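**Q** Please find target34.cif (mmCIF, C-alpha atoms) on the next line:
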data_my_file
#
loop_
_atom_site.label_atom_id
_atom_site.label_comp_id
_atom_site.auth_asym_id
_atom_site.auth_seq_id
_atom_site.Cartn_x
_atom_site.Cartn_y
_atom_site.Cartn_z
CA MET A 1 -7.19 66.40 -34.33
CA ARG A 2 -9.93 69.01 -34.67
CA ILE A 3 -9.77 68.85 -38.42
CA LEU A 4 -10.27 65.07 -38.33
CA ALA A 5 -13.23 65.42 -35.94
CA LYS A 6 -14.87 68.00 -38.21
CA LYS A 7 -14.41 65.76 -41.23
CA ILE A 8 -15.93 62.78 -39.47
CA LYS A 9 -18.80 64.88 -38.13
CA GLY A 10 -19.40 66.34 -41.53
CA PHE A 11 -19.22 62.99 -43.32
CA GLY A 12 -22.46 61.55 -42.02
CA GLY A 13 -23.90 64.59 -40.31
CA LYS A 14 -23.50 62.98 -36.89
CA SER A 15 -20.85 63.33 -34.27
CA TRP A 16 -19.08 60.30 -32.81
CA GLY A 17 -19.54 61.66 -29.33
CA GLY A 18 -23.30 62.00 -28.97
CA GLY A 19 -26.68 60.80 -30.06
CA GLN A 20 -26.30 57.24 -28.78
CA LYS A 21 -27.58 57.83 -25.26
CA LYS A 22 -31.26 57.58 -26.18
CA ASN A 23 -30.97 53.85 -26.94
CA GLN A 24 -28.72 53.05 -23.97
CA PRO A 25 -31.45 51.74 -21.59
CA GLN A 26 -32.89 49.52 -24.32
CA MET A 27 -29.43 48.19 -25.20
CA ASN A 28 -28.72 47.49 -21.52
CA LEU A 29 -31.99 45.55 -21.24
CA GLN A 30 -31.20 43.51 -24.36
CA LEU A 31 -27.70 42.81 -23.06
CA ALA A 32 -29.08 41.71 -19.69
CA LYS A 33 -31.56 39.37 -21.44
CA ALA A 34 -28.80 37.90 -23.58
CA GLN A 35 -26.58 37.36 -20.54
CA GLN A 36 -29.43 35.66 -18.68
CA MET A 37 -30.10 33.38 -21.64
CA LEU A 38 -26.40 32.50 -21.85
CA LEU A 39 -26.36 31.62 -18.16
CA GLU A 40 -29.44 29.45 -18.63
CA LEU A 41 -27.84 27.77 -21.64
CA GLU A 42 -24.68 27.07 -19.64
CA GLU A 43 -26.70 25.54 -16.78
CA LYS A 44 -28.63 23.31 -19.18
CA ARG A 45 -25.40 22.30 -20.94
CA GLN A 46 -23.85 21.28 -17.61
CA ALA A 47 -26.94 19.28 -16.69
CA LEU A 48 -26.84 17.61 -20.10
CA GLU A 49 -23.19 16.65 -19.63
CA GLU A 50 -23.96 15.19 -16.21
CA SER A 51 -26.75 13.09 -17.75
CA PHE A 52 -24.30 11.54 -20.23
CA SER A 53 -22.99 9.13 -17.60
CA ASP A 54 -26.50 7.63 -17.25
CA ARG A 55 -27.20 7.37 -20.97
CA THR A 56 -25.92 4.42 -23.00
CA VAL A 57 -25.62 3.20 -26.56
CA GLU A 58 -25.53 -0.42 -27.68
CA VAL A 59 -23.99 -1.73 -30.87
CA THR A 60 -23.69 -5.21 -32.32
CA VAL A 61 -21.02 -6.35 -34.74
CA GLY A 62 -20.31 -9.48 -36.71
CA GLY A 63 -23.94 -10.03 -37.59
CA GLY A 64 -25.02 -9.88 -33.96
CA VAL A 65 -22.20 -12.04 -32.62
CA LEU A 66 -20.81 -9.39 -30.27
CA LYS A 67 -22.74 -6.70 -28.37
CA LEU A 68 -21.06 -3.69 -26.74
CA THR A 69 -22.54 -1.11 -24.39
CA ALA A 70 -21.00 2.31 -23.73
CA THR A 71 -22.03 5.45 -21.87
CA LEU A 72 -22.10 8.87 -23.47
CA THR A 73 -19.02 9.68 -21.38
CA TYR A 74 -17.00 7.35 -23.65
CA GLU A 75 -16.83 4.53 -21.10
CA LEU A 76 -17.20 0.98 -22.32
CA LYS A 77 -19.60 -0.71 -19.88
CA GLY A 78 -20.07 -4.14 -21.35
CA ILE A 79 -19.04 -6.65 -23.96
CA GLU A 80 -21.30 -9.63 -24.53
CA LEU A 81 -20.26 -12.51 -26.72
CA LEU A 82 -23.39 -14.01 -28.25
CA ASP A 83 -21.65 -16.86 -30.10
CA GLU A 84 -19.56 -19.22 -27.98
CA ASP A 85 -17.80 -20.61 -31.06
CA LEU A 86 -15.68 -17.45 -31.28
CA THR A 87 -13.91 -18.15 -28.00
CA ASN A 88 -11.47 -20.38 -29.89
CA ASP A 89 -10.90 -17.93 -32.77
CA TRP A 90 -8.87 -15.19 -31.09
CA GLU A 91 -8.06 -13.22 -34.26
CA THR A 92 -11.69 -12.93 -35.33
CA LEU A 93 -12.77 -12.08 -31.79
CA ARG A 94 -10.06 -9.42 -31.52
CA ASP A 95 -11.14 -7.88 -34.85
CA LEU A 96 -14.78 -7.87 -33.75
CA ILE A 97 -13.91 -6.20 -30.44
CA ILE A 98 -11.90 -3.51 -32.20
CA ALA A 99 -14.69 -2.92 -34.73
CA GLY A 100 -17.29 -2.89 -31.97
CA VAL A 101 -15.42 -0.40 -29.81
CA ASN A 102 -14.89 1.89 -32.79
CA GLN A 103 -18.55 1.65 -33.75
CA ALA A 104 -19.68 2.24 -30.15
CA MET A 105 -17.49 5.33 -29.79
CA GLY A 106 -18.86 6.62 -33.09
CA GLU A 107 -22.40 6.16 -31.80
CA VAL A 108 -21.48 7.92 -28.55
CA THR A 109 -20.12 10.89 -30.50
CA LYS A 110 -23.22 10.99 -32.71
CA SER A 111 -25.57 10.83 -29.70
CA ARG A 112 -23.67 13.58 -27.89
CA GLU A 113 -23.75 15.84 -30.96
CA GLU A 114 -27.49 15.28 -31.37
CA ALA A 115 -28.08 16.15 -27.71
CA TYR A 116 -26.03 19.35 -28.02
CA GLU A 117 -27.80 20.32 -31.25
CA GLU A 118 -31.19 19.80 -29.61
CA LEU A 119 -30.18 22.00 -26.69
CA GLN A 120 -28.71 24.63 -28.97
CA SER A 121 -31.80 24.73 -31.19
CA LYS A 122 -33.88 25.78 -28.18
CA PHE A 123 -31.72 28.86 -27.70
CA SER A 124 -30.57 29.71 -31.24
CA PRO A 125 -33.61 31.75 -32.33
CA ASN A 126 -33.15 33.97 -29.27
CA LEU A 127 -29.37 34.29 -29.37
CA PRO A 128 -28.11 35.33 -32.78
CA GLY A 129 -24.68 34.01 -33.68
CA ILE A 130 -24.99 30.76 -31.72
#
Have the structure of the file written as structure tokens, please.

**A**
Amino acid sequence: MRILAKKIKGFGGKSWGGGQKKNQPQMNLQLAKAQQMLLELEEKRQALEESFSDRTVEVTVGGGVLKLTATLTYELKGIELLDEDLTNDWETLRDLIIAGVNQAMGEVTKSREEAYEELQSKFSPNLPGI
């Protein structure tokens, strides 16, 4: 073991056991700042997620024949039929509802991703690797 330690010490001129203590207070301060920023980011992320239930997206399909409203928590809140003639055409109505729900959920996902990216961009310059 001593031979290995001498080789390592001799390789770079520094020992593995010492020399790092000078920077320890500065490293502790940087670590504390990073931890505080991560806690702040987590709090803001939780607040953002809570706000998703109050935020909505609206989509229309079929050239404006059907309007759907959904929250950013993936809950469908409303379906409004804007053309009464479709009440007799069940197949077309069904297809429009399916298309509308899919489009609404896509918009919800897009809106959520944008909100997370906006939050993350506020912290990214200060937290490398995020």

**Q** Might you pull out every residue within 12 Å of Thr73 in chain A, with only C-alpha atoms counted and same-chain residues fewer than 5 positions away left off, and present them as number ranges by chain?

**A** A: 48-57, 104-105, 107-109, 111-112

**Q** In terms of the shortest atom-to-atom distance over only C-alpha atoms, which of A:Leu66, A:Leu39, A:Leu31, A:Val59 is closest to Asp85 in chain A?

**A**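 Under the stated criterion, the closest residue is A:Leu66.
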
**Q** Quick one: of A:Gln35, A:Gln120, A:Gln26, A:Thr69, who's nearest to Gln103 in chain A, counting all atoms listed in the file?

**A**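 Of A:Gln35, A:Gln120, A:Gln26, A:Thr69, the one nearest Gln103 in chain A is A:Thr69, counting all atoms listed in the file.
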
**Q** Of the residues A:Leu38, A:Ser121, A:Pro25, A:Leu81, which is the one nearest to Val61 in chain A, using all atoms listed in the file?

**A**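 For Val61 in chain A, the nearest of the given residues is A:Leu81.
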
**Q** Take the point (-12.5, -3.4, -33.3) in the file's coordinates, draw a sphere of radius 12 Å around it, and report as a VMD selection string every protein, DNA or RNA residue with an atom inside or on it, counting all atoms listed in the file.

**A** chain A and resid 59 to 62 66 to 68 79 91 to 106

**Q** Once you have the residues from the selection above, write them out as a PDB file, in the coordinates of the input, restricted to C-alpha atoms.

**A**
ATOM      1  CA  VAL A  59     -23.990  -1.730 -30.870  1.00  0.00           C
ATOM      2  CA  THR A  60     -23.690  -5.210 -32.320  1.00  0.00           C
ATOM      3  CA  VAL A  61     -21.020  -6.350 -34.740  1.00  0.00           C
ATOM      4  CA  GLY A  62     -20.310  -9.480 -36.710  1.00  0.00           C
ATOM      5  CA  LEU A  66     -20.810  -9.390 -30.270  1.00  0.00           C
ATOM      6  CA  LYS A  67     -22.740  -6.700 -28.370  1.00  0.00           C
ATOM      7  CA  LEU A  68     -21.060  -3.690 -26.740  1.00  0.00           C
ATOM      8  CA  ILE A  79     -19.040  -6.650 -23.960  1.00  0.00           C
ATOM      9  CA  GLU A  91      -8.060 -13.220 -34.260  1.00  0.00           C
ATOM     10  CA  THR A  92     -11.690 -12.930 -35.330  1.00  0.00           C
ATOM     11  CA  LEU A  93     -12.770 -12.080 -31.790  1.00  0.00           C
ATOM     12  CA  ARG A  94     -10.060  -9.420 -31.520  1.00  0.00           C
ATOM     13  CA  ASP A  95     -11.140  -7.880 -34.850  1.00  0.00           C
ATOM     14  CA  LEU A  96     -14.780  -7.870 -33.750  1.00  0.00           C
ATOM     15  CA  ILE A  97     -13.910  -6.200 -30.440  1.00  0.00           C
ATOM     16  CA  ILE A  98     -11.900  -3.510 -32.200  1.00  0.00           C
ATOM     17  CA  ALA A  99     -14.690  -2.920 -34.730  1.00  0.00           C
ATOM     18  CA  GLY A 100     -17.290  -2.890 -31.970  1.00  0.00           C
ATOM     19  CA  VAL A 101     -15.420  -0.400 -29.810  1.00  0.00           C
ATOM     20  CA  ASN A 102     -14.890   1.890 -32.790  1.00  0.00           C
ATOM     21  CA  GLN A 103     -18.550   1.650 -33.750  1.00  0.00           C
ATOM     22  CA  ALA A 104     -19.680   2.240 -30.150  1.00  0.00           C
ATOM     23  CA  MET A 105     -17.490   5.330 -29.790  1.00  0.00           C
ATOM     24  CA  GLY A 106     -18.860   6.620 -33.090  1.00  0.00           C
TER      25      GLY A 106
END

**Q** What's the 7 Å shell around Leu82 in chain A, counting all atoms listed in the file, without same-chain residues fewer than 2 positions away, as number ranges by chain?

**A** A: 65-66, 80, 84

**Q** Determine the nearest neighbour of Glu118 in chain A from the options A:Leu72, A:Lys44, A:Gln30, A:Met37, counting all atoms listed in the file.

**A**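 For Glu118 in chain A, the nearest of the given residues is A:Lys44.
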
**Q** Separation of CA of Trp90 in chain A and CA of Ala70 in chain A, in Å?

**A**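 Separating CA of Trp90 in chain A from CA of Ala70 in chain A is a distance of 22.5 Å.
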
**Q** What separation in Å, quoted to one decimal, exists between CA of Thr71 in chain A and CA of Arg45 in chain A?

**A**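 If I compute the distance from CA of Thr71 in chain A to CA of Arg45 in chain A, I get 17.2 Å.
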
**Q** With N, CA, C and O atoms retained, output range 92-118 of chain A as an mmCIF file, in the first residue's frame.

**A**
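Written out: result25.cif:
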data_model
loop_
_atom_site.group_PDB
_atom_site.id
_atom_site.type_symbol
_atom_site.label_atom_id
_atom_site.label_comp_id
_atom_site.auth_asym_id
_atom_site.auth_seq_id
_atom_site.Cartn_x
_atom_site.Cartn_y
_atom_site.Cartn_z
ATOM 1 N N THR A 92 -70.019 11.328 -36.785
ATOM 2 C CA THR A 92 -69.219 12.542 -36.956
ATOM 3 C C THR A 92 -68.984 13.209 -35.609
ATOM 4 O O THR A 92 -67.866 13.648 -35.304
ATOM 5 N N LEU A 93 -70.005 13.284 -34.789
ATOM 6 C CA LEU A 93 -69.880 13.891 -33.468
ATOM 7 C C LEU A 93 -68.866 13.134 -32.617
ATOM 8 O O LEU A 93 -68.016 13.728 -31.958
ATOM 9 N N ARG A 94 -68.961 11.808 -32.647
ATOM 10 C CA ARG A 94 -68.014 10.968 -31.899
ATOM 11 C C ARG A 94 -66.587 11.228 -32.358
ATOM 12 O O ARG A 94 -65.678 11.408 -31.534
ATOM 13 N N ASP A 95 -66.369 11.265 -33.666
ATOM 14 C CA ASP A 95 -65.032 11.521 -34.211
ATOM 15 C C ASP A 95 -64.514 12.901 -33.806
ATOM 16 O O ASP A 95 -63.337 13.065 -33.480
ATOM 17 N N LEU A 96 -65.404 13.891 -33.819
ATOM 18 C CA LEU A 96 -65.005 15.243 -33.407
ATOM 19 C C LEU A 96 -64.655 15.292 -31.921
ATOM 20 O O LEU A 96 -63.706 15.971 -31.525
ATOM 21 N N ILE A 97 -65.408 14.577 -31.099
ATOM 22 C CA ILE A 97 -65.114 14.550 -29.657
ATOM 23 C C ILE A 97 -63.761 13.898 -29.415
ATOM 24 O O ILE A 97 -62.932 14.425 -28.650
ATOM 25 N N ILE A 98 -63.513 12.790 -30.082
ATOM 26 C CA ILE A 98 -62.219 12.106 -29.919
ATOM 27 C C ILE A 98 -61.078 13.015 -30.368
ATOM 28 O O ILE A 98 -60.081 13.177 -29.662
ATOM 29 N N ALA A 99 -61.233 13.627 -31.532
ATOM 30 C CA ALA A 99 -60.196 14.534 -32.035
ATOM 31 C C ALA A 99 -60.002 15.722 -31.099
ATOM 32 O O ALA A 99 -58.872 16.144 -30.831
ATOM 33 N N GLY A 100 -61.102 16.245 -30.597
ATOM 34 C CA GLY A 100 -61.027 17.393 -29.690
ATOM 35 C C GLY A 100 -60.347 17.062 -28.380
ATOM 36 O O GLY A 100 -59.523 17.836 -27.886
ATOM 37 N N VAL A 101 -60.676 15.915 -27.807
ATOM 38 C CA VAL A 101 -60.041 15.514 -26.547
ATOM 39 C C VAL A 101 -58.542 15.312 -26.768
ATOM 40 O O VAL A 101 -57.719 15.768 -25.969
ATOM 41 N N ASN A 102 -58.191 14.653 -27.858
ATOM 42 C CA ASN A 102 -56.765 14.443 -28.146
ATOM 43 C C ASN A 102 -56.035 15.767 -28.339
ATOM 44 O O ASN A 102 -54.931 15.958 -27.821
ATOM 45 N N GLN A 103 -56.655 16.679 -29.052
ATOM 46 C CA GLN A 103 -56.044 17.986 -29.276
ATOM 47 C C GLN A 103 -55.942 18.768 -27.964
ATOM 48 O O GLN A 103 -54.925 19.411 -27.686
ATOM 49 N N ALA A 104 -56.970 18.717 -27.148
ATOM 50 C CA ALA A 104 -56.957 19.425 -25.862
ATOM 51 C C ALA A 104 -55.857 18.878 -24.955
ATOM 52 O O ALA A 104 -55.126 19.647 -24.325
ATOM 53 N N MET A 105 -55.721 17.562 -24.888
ATOM 54 C CA MET A 105 -54.684 16.971 -24.037
ATOM 55 C C MET A 105 -53.290 17.312 -24.563
ATOM 56 O O MET A 105 -52.357 17.528 -23.799
ATOM 57 N N GLY A 106 -53.160 17.404 -25.885
ATOM 58 C CA GLY A 106 -51.887 17.843 -26.461
ATOM 59 C C GLY A 106 -51.565 19.277 -26.075
ATOM 60 O O GLY A 106 -50.417 19.604 -25.760
ATOM 61 N N GLU A 107 -52.573 20.138 -26.086
ATOM 62 C CA GLU A 107 -52.375 21.535 -25.682
ATOM 63 C C GLU A 107 -52.049 21.644 -24.191
ATOM 64 O O GLU A 107 -51.247 22.481 -23.787
ATOM 65 N N VAL A 108 -52.674 20.799 -23.386
ATOM 66 C CA VAL A 108 -52.374 20.785 -21.952
ATOM 67 C C VAL A 108 -50.907 20.411 -21.745
ATOM 68 O O VAL A 108 -50.179 21.075 -20.993
ATOM 69 N N THR A 109 -50.462 19.361 -22.409
ATOM 70 C CA THR A 109 -49.069 18.927 -22.284
ATOM 71 C C THR A 109 -48.117 20.031 -22.720
ATOM 72 O O THR A 109 -47.134 20.324 -22.037
ATOM 73 N N LYS A 110 -48.412 20.663 -23.839
ATOM 74 C CA LYS A 110 -47.577 21.752 -24.351
ATOM 75 C C LYS A 110 -47.525 22.914 -23.355
ATOM 76 O O LYS A 110 -46.451 23.450 -23.063
ATOM 77 N N SER A 111 -48.670 23.296 -22.813
ATOM 78 C CA SER A 111 -48.720 24.405 -21.853
ATOM 79 C C SER A 111 -47.958 24.075 -20.575
ATOM 80 O O SER A 111 -47.268 24.936 -20.019
ATOM 81 N N ARG A 112 -48.081 22.845 -20.111
ATOM 82 C CA ARG A 112 -47.345 22.431 -18.908
ATOM 83 C C ARG A 112 -45.840 22.469 -19.154
ATOM 84 O O ARG A 112 -45.080 22.955 -18.313
ATOM 85 N N GLU A 113 -45.400 21.952 -20.306
ATOM 86 C CA GLU A 113 -43.975 21.956 -20.629
ATOM 87 C C GLU A 113 -43.439 23.381 -20.717
ATOM 88 O O GLU A 113 -42.337 23.663 -20.224
ATOM 89 N N GLU A 114 -44.195 24.275 -21.329
ATOM 90 C CA GLU A 114 -43.769 25.671 -21.419
ATOM 91 C C GLU A 114 -43.645 26.299 -20.040
ATOM 92 O O GLU A 114 -42.709 27.057 -19.774
ATOM 93 N N ALA A 115 -44.588 25.996 -19.151
ATOM 94 C CA ALA A 115 -44.542 26.551 -17.794
ATOM 95 C C ALA A 115 -43.316 26.028 -17.048
ATOM 96 O O ALA A 115 -42.639 26.788 -16.349
ATOM 97 N N TYR A 116 -43.035 24.731 -17.186
ATOM 98 C CA TYR A 116 -41.852 24.162 -16.527
ATOM 99 C C TYR A 116 -40.565 24.731 -17.110
ATOM 100 O O TYR A 116 -39.615 25.026 -16.373
ATOM 101 N N GLU A 117 -40.513 24.899 -18.419
ATOM 102 C CA GLU A 117 -39.317 25.469 -19.051
ATOM 103 C C GLU A 117 -39.087 26.902 -18.589
ATOM 104 O O GLU A 117 -37.949 27.311 -18.362
ATOM 105 N N GLU A 118 -40.154 27.664 -18.454
ATOM 106 C CA GLU A 118 -40.033 29.046 -17.982
ATOM 107 C C GLU A 118 -39.480 29.074 -16.558
ATOM 108 O O GLU A 118 -38.591 29.859 -16.240
#
